[in-house]
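Take a look at the structure below.
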Amino acid sequence: MDIIAANHLTKSYRQYRRFPGLIGSVRSLFTRQFTEETAVNDISFTIGEGEAVGYLGPNGAGKSTMIKMMTGILVPTAGDIRVLGAVPHEARKTNARQIGVVFGQRSQLWWDLPVTDSFDLHKTIYQIPETKFKQNLQMCMELLSIHEFVEKPVRQLSLGQRMRVEIAMALLHEPRILFLDEPTIGLDVMAKDQIRHFLRMVNRERKVTILLTTHDMKDIEEICPRMIVVNKGTLVYDGSVEELRARLGNERRVVIDFREDPGPLDMPGITLLQEEGLRKTYLVSRSESTVFELVSRIAARYPVEDASIESADIESVIRRLYRQLADEESIGRQIG
Amino acid sequence: MTPYIMFMTKSFTSQLAYRSDVWLRLLGNYFAILIQVEIWRSVIGKGESFGVTIDQMITYSIINTLLVALLLHGVSGKVDGSLKSGSIAVELIKPLSYPLYLLSDALGQTLYKFVFTVIPSLLIAWLLFGMLPPASTVSLIGFVAALLIAMLISFLLGYLVSLLAFWFMSHFALSWTLGGLITIFSGSFLPIWFYAPGWEFAARMLPFQYLGYVPAAIYLGNMSQVMLWQTLLIGLAWIIALLTIVQWLWSRAVRRLIVQGG
Amino acid sequence: MTFQLFGQLVRLLMKEKMQYRGDFLLSAVAQIISYAGDYIVIYLFIKRFDTLAGWNWPEIALLYSIGLFTYALGASFSFVQMSQLEGQVRQGTFDTLLIKPVNPYLYLVSRGFNLAYIAHITISGSVLVWAMLQLNLHWTWIQYIYLLIAIISGSMIHAGIMTMIGAMSFIWVRSSYLFSLFFQLKNFISYPLPVFGTVVQLLLTVVVPLGFVNFYPAAYLLDNDTALMPAWAMWLVPLAGPIVYGLGYRFWMFGANKYQGAGG
């Protein structure tokens, strides 16, 4: 069953421009000009109940705008979006009870009051029954280890602690979908790990559908089997992480420890990436020959101590995707 | 001197970003002057009362309404802002005098208001309500001097408040109190010569009269020459006194800030 | 939005304020000093000129106090909420309001319910009672009830206008200068309306009906000159508040819709 369905969804904004300089500011006393900016451009996809989807794209790709349309904050300019079978902005209040939203950069907590006060208020706003509230709170506090600081005022919490609280709060009313806008931004590795494990559990065991935007590919790798990539408002990839890797990741990194410096290798299809004494990292394109073959050929000709083949990490895959898009675009511009 | 002029131009140009405010500000000033003019018309009528003519009171009201745009005690809000956000540390690292930086920043804003609000408002008021010229050349010179004194005293008072906020940590309360004292003792609505005797005495003993009453009274030629120079001299004395207090507080505040920061 | 939720919000707001008890008290005292300044200047004025448009000092004190008291009540539900809206819209924090299963207006207004107006209420309430005692009124209970209704209605006028200005944040992005214009207009009603010309009287009766906040009710209650309005118009006073507030609410919701992109 589709829990979210976007159909040719478009959102554009008007951006008013200011005129520069002194004369410009006098001029802007009298006139106003704007440009139309398309943040989301004709995007379609569906998400089934229980999925975990990463929504990726460079800054300004329209990720937040998409989340805002799905949560009913913004109304699309064109196209159609359905969440839980309803149009989000029309069914804003009823949908709000069934979704949880976490904005990484916008706290919803009471700065000067203990964490518990924010939880209690949430209970009243969402009219959560006492027993259900207690159960969920208990579960979240344990798994996110919130116990230690639940009586502290929010202003004394670290960023990681605060984010854990935000996520816990978004789950107290048992939402069917959890939207997270950059939930791990600015956190340290430990905090990120704990949040990823928790979200993974929430998705796999509690069957909560998750949609998250992020810049950290690790988030995707650990939580989301599926990813949607957008660039400048348009959808450029929708599918599994594995598939994308297969499509773009036809390069592998090979790390070789030499017994003595071999000098430049006389071998087609490899590029030296990095050099740390006798340990050298190469990029090998797979189309030329299989990586294993290549490594054994090197080992036959040069004094190799040890070699290891690394599969391309998702981050470099994505980076390649963006680069490829940028190239296509500049070619397009040249032709056009 | 150049960096300070740069700060001034920077704050001047940053004000330019606010379109549409200009119109509303002009309208606001018009309302403010209208209220006072109508009140004076209603108690003085067309002639004069207590030796003051209606034209003089209209001029008095116009000067005082527009003078507000030139006063600088708003700097305390800026200091408070950088104290709360912690950006004060960055400002203190710069090899510059912090008060001079504040003053040039505030002057830039004032210059903006002067060009875009005070001058057009003055024209409007002059056309709609009529305004007397300065009583004499001496009055005009005295008036300009009094304006400078008003700006400096208001700056120092605002700065004093922001320094006191280092200790009391309640800038809000201090600035409201300052506002109340200015309302009562500046004579910007009701000229001090109309005050009941006890209140008049108090107002004349305090520096707040320089932020309203003094410039307007000098402009109208309401002071004898001797009294004019005497008033300006006392104004200078106030500036020196405030400067001394502020300097002393500043040195202690910096020490306190360093201790807190470490 | 339930009373239970409002009650809980007020409890949290009080708890929050009590964290900075000293600061709260100092601020209240400072605000009282500041408003005392306004009273003192008007007092000095009347002491010199005896009356203003036929109103003596206790009458003016009553007029001014109703204006300040109703402003404080209305502003506790609107001023900070509406003047901060501009920034919230710009920074996107307004969005967090729209993801809650509540009416965004009611939540915004209650979440920002401002206890700090206690200072305004204290000083204006005390002066109001003092002025009523000075005036030696022989009122029946109808007049007392009329005053009470007028105060509620006046608060709604203030809140309604400020709500409209706040809604401009959605449309115009900047609204702060409209607030200062509003405060300039509000200065008119510190004095009896007949002081001003017909244009201003019309402006404050029809366009921005601040005259209904304090001048008309006070003039009826004190049997003073009611300027433009005939005697039966005293019954417009209880209506003005709900009408202005209702319009303000509708306009705010229209603005919020526009922000969401529904209104074009």
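For the structure tokens, the naming scheme is as follows: chains receive sequential letters (A, B, ...) according to their order of presentation, residues are indexed from 1 within each chain, and ligands are indexed from 1 in presentation order.
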Could you pull the residues within 12 Å of Met66 in chain A, counting only C-alpha atoms, minus those fewer than 6 positions along the same chain, as a PDB file with N, CA, C and O atoms, in the first residue's frame?
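Saved result, selection.pdb, follows:
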ATOM      1  N   ILE A   4       2.708   7.276   0.786  1.00  0.00           N
ATOM      2  CA  ILE A   4       2.970   8.603   0.214  1.00  0.00           C
ATOM      3  C   ILE A   4       2.977   8.458  -1.305  1.00  0.00           C
ATOM      4  O   ILE A   4       3.584   7.522  -1.828  1.00  0.00           O
ATOM      5  N   ALA A   6       3.506  10.989  -4.700  1.00  0.00           N
ATOM      6  CA  ALA A   6       3.661  12.297  -5.332  1.00  0.00           C
ATOM      7  C   ALA A   6       3.507  12.122  -6.831  1.00  0.00           C
ATOM      8  O   ALA A   6       4.053  11.186  -7.405  1.00  0.00           O
ATOM      9  N   LEU A   9       4.666  16.573  -9.025  1.00  0.00           N
ATOM     10  CA  LEU A   9       4.597  17.620  -8.016  1.00  0.00           C
ATOM     11  C   LEU A   9       5.562  18.762  -8.352  1.00  0.00           C
ATOM     12  O   LEU A   9       6.726  18.536  -8.667  1.00  0.00           O
ATOM     13  N   THR A  10       5.047  19.991  -8.261  1.00  0.00           N
ATOM     14  CA  THR A  10       5.859  21.170  -8.556  1.00  0.00           C
ATOM     15  C   THR A  10       5.590  22.242  -7.505  1.00  0.00           C
ATOM     16  O   THR A  10       4.461  22.414  -7.061  1.00  0.00           O
ATOM     17  N   LYS A  11       6.671  22.916  -7.089  1.00  0.00           N
ATOM     18  CA  LYS A  11       6.484  24.067  -6.195  1.00  0.00           C
ATOM     19  C   LYS A  11       7.420  25.178  -6.623  1.00  0.00           C
ATOM     20  O   LYS A  11       8.634  24.984  -6.749  1.00  0.00           O
ATOM     21  N   SER A  12       6.852  26.338  -6.906  1.00  0.00           N
ATOM     22  CA  SER A  12       7.723  27.470  -7.230  1.00  0.00           C
ATOM     23  C   SER A  12       7.437  28.639  -6.316  1.00  0.00           C
ATOM     24  O   SER A  12       6.350  28.791  -5.779  1.00  0.00           O
ATOM     25  N   THR A  38      11.891  27.681  -9.115  1.00  0.00           N
ATOM     26  CA  THR A  38      11.219  26.391  -8.961  1.00  0.00           C
ATOM     27  C   THR A  38      12.043  25.501  -8.051  1.00  0.00           C
ATOM     28  O   THR A  38      13.130  25.081  -8.399  1.00  0.00           O
ATOM     29  N   ALA A  39      11.505  25.230  -6.860  1.00  0.00           N
ATOM     30  CA  ALA A  39      12.246  24.434  -5.880  1.00  0.00           C
ATOM     31  C   ALA A  39      12.018  22.949  -6.109  1.00  0.00           C
ATOM     32  O   ALA A  39      12.911  22.127  -5.899  1.00  0.00           O
ATOM     33  N   VAL A  40      10.804  22.589  -6.522  1.00  0.00           N
ATOM     34  CA  VAL A  40      10.477  21.194  -6.815  1.00  0.00           C
ATOM     35  C   VAL A  40       9.844  21.179  -8.193  1.00  0.00           C
ATOM     36  O   VAL A  40       8.888  21.913  -8.452  1.00  0.00           O
ATOM     37  N   ASN A  41      10.423  20.360  -9.080  1.00  0.00           N
ATOM     38  CA  ASN A  41      10.004  20.444 -10.465  1.00  0.00           C
ATOM     39  C   ASN A  41       9.521  19.088 -10.979  1.00  0.00           C
ATOM     40  O   ASN A  41      10.311  18.200 -11.238  1.00  0.00           O
ATOM     41  N   ASP A  42       8.208  18.916 -11.064  1.00  0.00           N
ATOM     42  CA  ASP A  42       7.618  17.748 -11.712  1.00  0.00           C
ATOM     43  C   ASP A  42       8.169  16.430 -11.156  1.00  0.00           C
ATOM     44  O   ASP A  42       8.670  15.600 -11.900  1.00  0.00           O
ATOM     45  N   ILE A  43       8.033  16.262  -9.862  1.00  0.00           N
ATOM     46  CA  ILE A  43       8.573  15.044  -9.243  1.00  0.00           C
ATOM     47  C   ILE A  43       7.457  14.046  -8.953  1.00  0.00           C
ATOM     48  O   ILE A  43       6.391  14.417  -8.461  1.00  0.00           O
ATOM     49  N   SER A  44       7.681  12.780  -9.301  1.00  0.00           N
ATOM     50  CA  SER A  44       6.718  11.724  -9.002  1.00  0.00           C
ATOM     51  C   SER A  44       7.428  10.565  -8.321  1.00  0.00           C
ATOM     52  O   SER A  44       8.537  10.207  -8.718  1.00  0.00           O
ATOM     53  N   PHE A  45       6.817  10.020  -7.296  1.00  0.00           N
ATOM     54  CA  PHE A  45       7.302   8.777  -6.679  1.00  0.00           C
ATOM     55  C   PHE A  45       6.228   8.264  -5.739  1.00  0.00           C
ATOM     56  O   PHE A  45       5.288   8.990  -5.407  1.00  0.00           O
ATOM     57  N   TYR A  55      16.222  10.927   1.256  1.00  0.00           N
ATOM     58  CA  TYR A  55      15.940  11.925   0.230  1.00  0.00           C
ATOM     59  C   TYR A  55      17.174  12.820   0.158  1.00  0.00           C
ATOM     60  O   TYR A  55      17.464  13.555   1.100  1.00  0.00           O
ATOM     61  N   LEU A  56      17.893  12.691  -0.949  1.00  0.00           N
ATOM     62  CA  LEU A  56      19.200  13.347  -1.018  1.00  0.00           C
ATOM     63  C   LEU A  56      19.276  14.395  -2.108  1.00  0.00           C
ATOM     64  O   LEU A  56      18.554  14.327  -3.095  1.00  0.00           O
ATOM     65  N   GLY A  57      20.218  15.266  -1.947  1.00  0.00           N
ATOM     66  CA  GLY A  57      20.474  16.245  -2.986  1.00  0.00           C
ATOM     67  C   GLY A  57      21.364  17.325  -2.439  1.00  0.00           C
ATOM     68  O   GLY A  57      21.419  17.517  -1.221  1.00  0.00           O
ATOM     69  N   GLY A  60      19.988  23.384  -1.727  1.00  0.00           N
ATOM     70  CA  GLY A  60      19.147  24.102  -2.675  1.00  0.00           C
ATOM     71  C   GLY A  60      18.485  23.203  -3.695  1.00  0.00           C
ATOM     72  O   GLY A  60      17.953  23.669  -4.696  1.00  0.00           O
ATOM     73  N   GLY A  72       2.249  19.060   4.914  1.00  0.00           N
ATOM     74  CA  GLY A  72       1.104  19.978   4.878  1.00  0.00           C
ATOM     75  C   GLY A  72       1.445  21.412   5.211  1.00  0.00           C
ATOM     76  O   GLY A  72       0.560  22.252   5.352  1.00  0.00           O
ATOM     77  N   ILE A  73       2.746  21.707   5.344  1.00  0.00           N
ATOM     78  CA  ILE A  73       3.137  23.092   5.642  1.00  0.00           C
ATOM     79  C   ILE A  73       2.969  23.952   4.395  1.00  0.00           C
ATOM     80  O   ILE A  73       2.470  25.068   4.458  1.00  0.00           O
ATOM     81  N   LEU A  74       3.378  23.413   3.253  1.00  0.00           N
ATOM     82  CA  LEU A  74       3.260  24.169   2.005  1.00  0.00           C
ATOM     83  C   LEU A  74       2.288  23.478   1.053  1.00  0.00           C
ATOM     84  O   LEU A  74       2.115  22.256   1.092  1.00  0.00           O
ATOM     85  N   VAL A  75       1.683  24.267   0.210  1.00  0.00           N
ATOM     86  CA  VAL A  75       0.752  23.762  -0.785  1.00  0.00           C
ATOM     87  C   VAL A  75       1.477  23.724  -2.132  1.00  0.00           C
ATOM     88  O   VAL A  75       2.113  24.701  -2.498  1.00  0.00           O
ATOM     89  N   PRO A  76       1.384  22.612  -2.864  1.00  0.00           N
ATOM     90  CA  PRO A  76       2.077  22.544  -4.149  1.00  0.00           C
ATOM     91  C   PRO A  76       1.542  23.565  -5.142  1.00  0.00           C
ATOM     92  O   PRO A  76       0.374  23.934  -5.093  1.00  0.00           O
ATOM     93  N   THR A  77       2.403  24.010  -6.043  1.00  0.00           N
ATOM     94  CA  THR A  77       1.964  24.907  -7.108  1.00  0.00           C
ATOM     95  C   THR A  77       1.201  24.108  -8.164  1.00  0.00           C
ATOM     96  O   THR A  77       0.195  24.566  -8.700  1.00  0.00           O
ATOM     97  N   ILE A  81      -0.179  15.560  -4.375  1.00  0.00           N
ATOM     98  CA  ILE A  81       0.519  14.772  -3.360  1.00  0.00           C
ATOM     99  C   ILE A  81      -0.496  14.171  -2.396  1.00  0.00           C
ATOM    100  O   ILE A  81      -1.452  14.835  -2.006  1.00  0.00           O
ATOM    101  N   PRO A  88      -2.191  16.527   2.027  1.00  0.00           N
ATOM    102  CA  PRO A  88      -1.637  16.954   3.319  1.00  0.00           C
ATOM    103  C   PRO A  88      -2.132  18.307   3.829  1.00  0.00           C
ATOM    104  O   PRO A  88      -2.501  18.420   4.991  1.00  0.00           O
ATOM    105  N   PHE A 179       9.083  11.970   9.465  1.00  0.00           N
ATOM    106  CA  PHE A 179       9.872  12.798   8.555  1.00  0.00           C
ATOM    107  C   PHE A 179      11.022  13.417   9.341  1.00  0.00           C
ATOM    108  O   PHE A 179      10.801  13.968  10.414  1.00  0.00           O
ATOM    109  N   LEU A 180      12.213  13.318   8.792  1.00  0.00           N
ATOM    110  CA  LEU A 180      13.358  13.925   9.481  1.00  0.00           C
ATOM    111  C   LEU A 180      14.134  14.783   8.490  1.00  0.00           C
ATOM    112  O   LEU A 180      14.592  14.286   7.464  1.00  0.00           O
ATOM    113  N   ASP A 181      14.249  16.060   8.814  1.00  0.00           N
ATOM    114  CA  ASP A 181      14.989  16.968   7.942  1.00  0.00           C
ATOM    115  C   ASP A 181      16.375  17.172   8.551  1.00  0.00           C
ATOM    116  O   ASP A 181      16.521  17.874   9.544  1.00  0.00           O
ATOM    117  N   LEU A 211      11.138   8.850   6.250  1.00  0.00           N
ATOM    118  CA  LEU A 211      11.685   9.598   5.128  1.00  0.00           C
ATOM    119  C   LEU A 211      12.623  10.637   5.704  1.00  0.00           C
ATOM    120  O   LEU A 211      12.227  11.435   6.547  1.00  0.00           O
ATOM    121  N   LEU A 212      13.878  10.586   5.298  1.00  0.00           N
ATOM    122  CA  LEU A 212      14.795  11.561   5.877  1.00  0.00           C
ATOM    123  C   LEU A 212      15.666  12.213   4.820  1.00  0.00           C
ATOM    124  O   LEU A 212      16.035  11.599   3.830  1.00  0.00           O
ATOM    125  N   THR A 213      15.949  13.489   5.039  1.00  0.00           N
ATOM    126  CA  THR A 213      16.895  14.178   4.168  1.00  0.00           C
ATOM    127  C   THR A 213      18.198  14.266   4.931  1.00  0.00           C
ATOM    128  O   THR A 213      18.199  14.320   6.153  1.00  0.00           O
ATOM    129  N   ILE A 228      16.174   8.467  -2.879  1.00  0.00           N
ATOM    130  CA  ILE A 228      15.694   9.322  -3.963  1.00  0.00           C
ATOM    131  C   ILE A 228      16.677  10.487  -4.018  1.00  0.00           C
ATOM    132  O   ILE A 228      16.959  11.101  -2.992  1.00  0.00           O
ATOM    133  N   VAL A 230      17.639  14.124  -5.700  1.00  0.00           N
ATOM    134  CA  VAL A 230      17.129  15.255  -6.475  1.00  0.00           C
ATOM    135  C   VAL A 230      18.250  16.247  -6.702  1.00  0.00           C
ATOM    136  O   VAL A 230      19.212  16.305  -5.943  1.00  0.00           O
ATOM    137  N   GLY A 233      15.763  20.637  -8.076  1.00  0.00           N
ATOM    138  CA  GLY A 233      14.322  20.477  -8.163  1.00  0.00           C
ATOM    139  C   GLY A 233      13.852  19.260  -8.919  1.00  0.00           C
ATOM    140  O   GLY A 233      12.701  18.870  -8.794  1.00  0.00           O
ATOM    141  N   THR A 234      14.718  18.640  -9.714  1.00  0.00           N
ATOM    142  CA  THR A 234      14.234  17.478 -10.464  1.00  0.00           C
ATOM    143  C   THR A 234      14.787  16.184  -9.888  1.00  0.00           C
ATOM    144  O   THR A 234      15.867  16.153  -9.309  1.00  0.00           O
ATOM    145  N   LEU A 235      14.004  15.120 -10.072  1.00  0.00           N
ATOM    146  CA  LEU A 235      14.400  13.818  -9.567  1.00  0.00           C
ATOM    147  C   LEU A 235      15.427  13.219 -10.518  1.00  0.00           C
ATOM    148  O   LEU A 235      15.216  13.173 -11.725  1.00  0.00           O
TER     149      LEU A 235
END
Find the residues near Ser65 in chain C: any atom within 8 Å, counting only C-alpha atoms, skip ones fewer than 3 places away on the same chain, and give them as a list in words.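 Listing them by chain and then by number gives Ala61, Leu62, Leu68, Phe69, Ser124, Gly125, Val127 and Leu128 of chain C.
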Contact check, chain C to chain A, at most 8 Å, counting only C-alpha atoms, closest pairs as JSON lines:
{"residue": "C:Met1", "atom": "CA", "partner": "A:Ile125", "partner_atom": "CA", "distance": 7.7}
{"residue": "C:Gln4", "atom": "CA", "partner": "A:Thr124", "partner_atom": "CA", "distance": 7.8}
{"residue": "C:Leu5", "atom": "CA", "partner": "A:Thr124", "partner_atom": "CA", "distance": 6.1}
{"residue": "C:Gln8", "atom": "CA", "partner": "A:Leu121", "partner_atom": "CA", "distance": 7.1}
{"residue": "C:Leu9", "atom": "CA", "partner": "A:Leu121", "partner_atom": "CA", "distance": 7.6}
{"residue": "C:Leu12", "atom": "CA", "partner": "A:Asp117", "partner_atom": "CA", "distance": 7.4}
{"residue": "C:Lys15", "atom": "CA", "partner": "A:Leu113", "partner_atom": "CA", "distance": 7.7}
{"residue": "C:Glu16", "atom": "CA", "partner": "A:Asp112", "partner_atom": "CA", "distance": 6.1}
{"residue": "C:Gln19", "atom": "CA", "partner": "A:Asp112", "partner_atom": "CA", "distance": 7.6}
{"residue": "C:Thr93", "atom": "CA", "partner": "A:Arg106", "partner_atom": "CA", "distance": 6.3}
{"residue": "C:Asp95", "atom": "CA", "partner": "A:Ile73", "partner_atom": "CA", "distance": 6.4}
{"residue": "C:Thr96", "atom": "CA", "partner": "A:Gln108", "partner_atom": "CA", "distance": 6.9}
{"residue": "C:Leu98", "atom": "CA", "partner": "A:Ile73", "partner_atom": "CA", "distance": 5.7}
{"residue": "C:Ile99", "atom": "CA", "partner": "A:Ala96", "partner_atom": "CA", "distance": 5.7}
{"residue": "C:Lys100", "atom": "CA", "partner": "A:Ala96", "partner_atom": "CA", "distance": 5.7}
{"residue": "C:Pro101", "atom": "CA", "partner": "A:Lys93", "partner_atom": "CA", "distance": 4.2}
{"residue": "C:Val102", "atom": "CA", "partner": "A:Lys93", "partner_atom": "CA", "distance": 6.4}
{"residue": "C:Tyr259", "atom": "CA", "partner": "A:Leu74", "partner_atom": "CA", "distance": 7.6}
{"residue": "C:Gln260", "atom": "CA", "partner": "A:Leu74", "partner_atom": "CA", "distance": 4.3}
{"residue": "C:Gly261", "atom": "CA", "partner": "A:Val75", "partner_atom": "CA", "distance": 5.1}
{"residue": "C:Ala262", "atom": "CA", "partner": "A:Val75", "partner_atom": "CA", "distance": 5.7}
Convert the current residue selection to file output with C-alpha atoms, as a PDB file, in the first residue's frame.
ATOM      1  CA  MET C   1      -7.065  23.763  21.155  1.00  0.00           C
ATOM      2  CA  GLN C   4      -6.646  22.150  29.221  1.00  0.00           C
ATOM      3  CA  LEU C   5      -3.903  22.916  26.711  1.00  0.00           C
ATOM      4  CA  GLN C   8      -0.855  23.806  30.691  1.00  0.00           C
ATOM      5  CA  LEU C   9       0.821  26.415  28.495  1.00  0.00           C
ATOM      6  CA  LEU C  12       4.819  26.251  31.708  1.00  0.00           C
ATOM      7  CA  LYS C  15       7.530  28.174  35.381  1.00  0.00           C
ATOM      8  CA  GLU C  16       9.761  29.593  32.668  1.00  0.00           C
ATOM      9  CA  GLN C  19      13.560  30.789  36.359  1.00  0.00           C
ATOM     10  CA  THR C  93      10.485  28.349  12.678  1.00  0.00           C
ATOM     11  CA  ASP C  95       6.764  25.747  10.145  1.00  0.00           C
ATOM     12  CA  THR C  96       6.972  23.897  13.436  1.00  0.00           C
ATOM     13  CA  LEU C  98       1.977  23.921  11.169  1.00  0.00           C
ATOM     14  CA  ILE C  99       2.956  20.346  11.939  1.00  0.00           C
ATOM     15  CA  LYS C 100       0.907  20.267  15.127  1.00  0.00           C
ATOM     16  CA  PRO C 101      -2.684  19.025  15.165  1.00  0.00           C
ATOM     17  CA  VAL C 102      -3.958  22.368  16.471  1.00  0.00           C
ATOM     18  CA  TYR C 259       2.209  31.615   3.303  1.00  0.00           C
ATOM     19  CA  GLN C 260       1.363  27.988   2.650  1.00  0.00           C
ATOM     20  CA  GLY C 261       0.853  28.890  -0.978  1.00  0.00           C
ATOM     21  CA  ALA C 262      -2.870  28.183  -1.150  1.00  0.00           C
TER      22      ALA C 262
END
Take CA of Leu221 in chain C and CA of Gly54 in chain C and report the distance between them in Å, one decimal. 14.8 Å
Compute the chain B side of the contact with chain C at 10 Å, counting only C-alpha atoms, and hand it back as an NGL selection string. :B and (18-32 or 34-44 or 49-50 or 168-185 or 187-192 or 194-196 or 199)
Please run DSSP on the backbone and report, as a ChimeraX atom specification, all residues within range 22-209 of chain A that come out as helix (DSSP H, G or I). /A:22-27,63-70,92-96,115-125,130-143,147-149,154-156,159-171,189-204
Could you give me, as number ranges by chain, the residues within 12 Å of Trp232 in chain C, counting only C-alpha atoms and dropping anything in the same chain fewer than 4 positions from it? C: 216-217, 220, 226, 228, 236-237
Would you output that residue set with N, CA and C atoms, as an mmCIF file, in the first residue's frame?
data_model
loop_
_atom_site.group_PDB
_atom_site.id
_atom_site.type_symbol
_atom_site.label_atom_id
_atom_site.label_comp_id
_atom_site.auth_asym_id
_atom_site.auth_seq_id
_atom_site.Cartn_x
_atom_site.Cartn_y
_atom_site.Cartn_z
ATOM 1 N N TYR C 216 -14.851 56.697 23.603
ATOM 2 C CA TYR C 216 -16.315 56.639 23.607
ATOM 3 C C TYR C 216 -16.877 56.081 24.920
ATOM 4 N N PRO C 217 -16.376 54.939 25.387
ATOM 5 C CA PRO C 217 -16.931 54.454 26.655
ATOM 6 C C PRO C 217 -16.759 55.463 27.791
ATOM 7 N N TYR C 220 -19.190 58.409 27.445
ATOM 8 C CA TYR C 220 -20.558 58.055 27.839
ATOM 9 C C TYR C 220 -20.671 57.929 29.344
ATOM 10 N N THR C 226 -19.247 63.638 23.325
ATOM 11 C CA THR C 226 -18.859 62.413 22.628
ATOM 12 C C THR C 226 -18.490 62.659 21.169
ATOM 13 N N LEU C 228 -18.150 62.920 17.561
ATOM 14 C CA LEU C 228 -18.954 62.625 16.378
ATOM 15 C C LEU C 228 -20.207 61.814 16.670
ATOM 16 N N LEU C 236 -22.469 50.675 20.430
ATOM 17 C CA LEU C 236 -21.511 50.149 19.451
ATOM 18 C C LEU C 236 -20.221 49.686 20.139
ATOM 19 N N VAL C 237 -19.993 50.238 21.335
ATOM 20 C CA VAL C 237 -18.756 49.905 22.040
ATOM 21 C C VAL C 237 -18.593 48.386 22.250
#
With only C-alpha atoms as the atoms that count, which of B:Pro207, B:Phe7, B:Phe116, B:Tyr60 lies nearest to chain A?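 Once distances to chain A are computed over only C-alpha atoms, the minimum belongs to B:Phe116.
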Would you list the contacts of Gly186 in chain A as number ranges by chain, taking every protein, DNA or RNA residue within 12 Å and counting only C-alpha atoms, but skipping same-chain residues closer than 5 positions in sequence? A: 104-105, 158-160, 162-163, 191-192, 214-216
To one decimal place, how far is CA of Leu103 in chain B from CA of Gln247 in chain B in Å?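 So the two atoms, CA of Leu103 in chain B and CA of Gln247 in chain B, lie 14.4 Å apart.
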From the list B:Thr137, B:Phe12, B:Ile240, B:Ile62, which residue is nearest chain A when using only C-alpha atoms?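 When distances to chain A are compared using only C-alpha atoms, the smallest one comes from B:Phe12.
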Enter the distance from CA of Gln134 in chain C to CA of Gly241 in chain C, in Å, rounded to one decimal. 28.3 Å
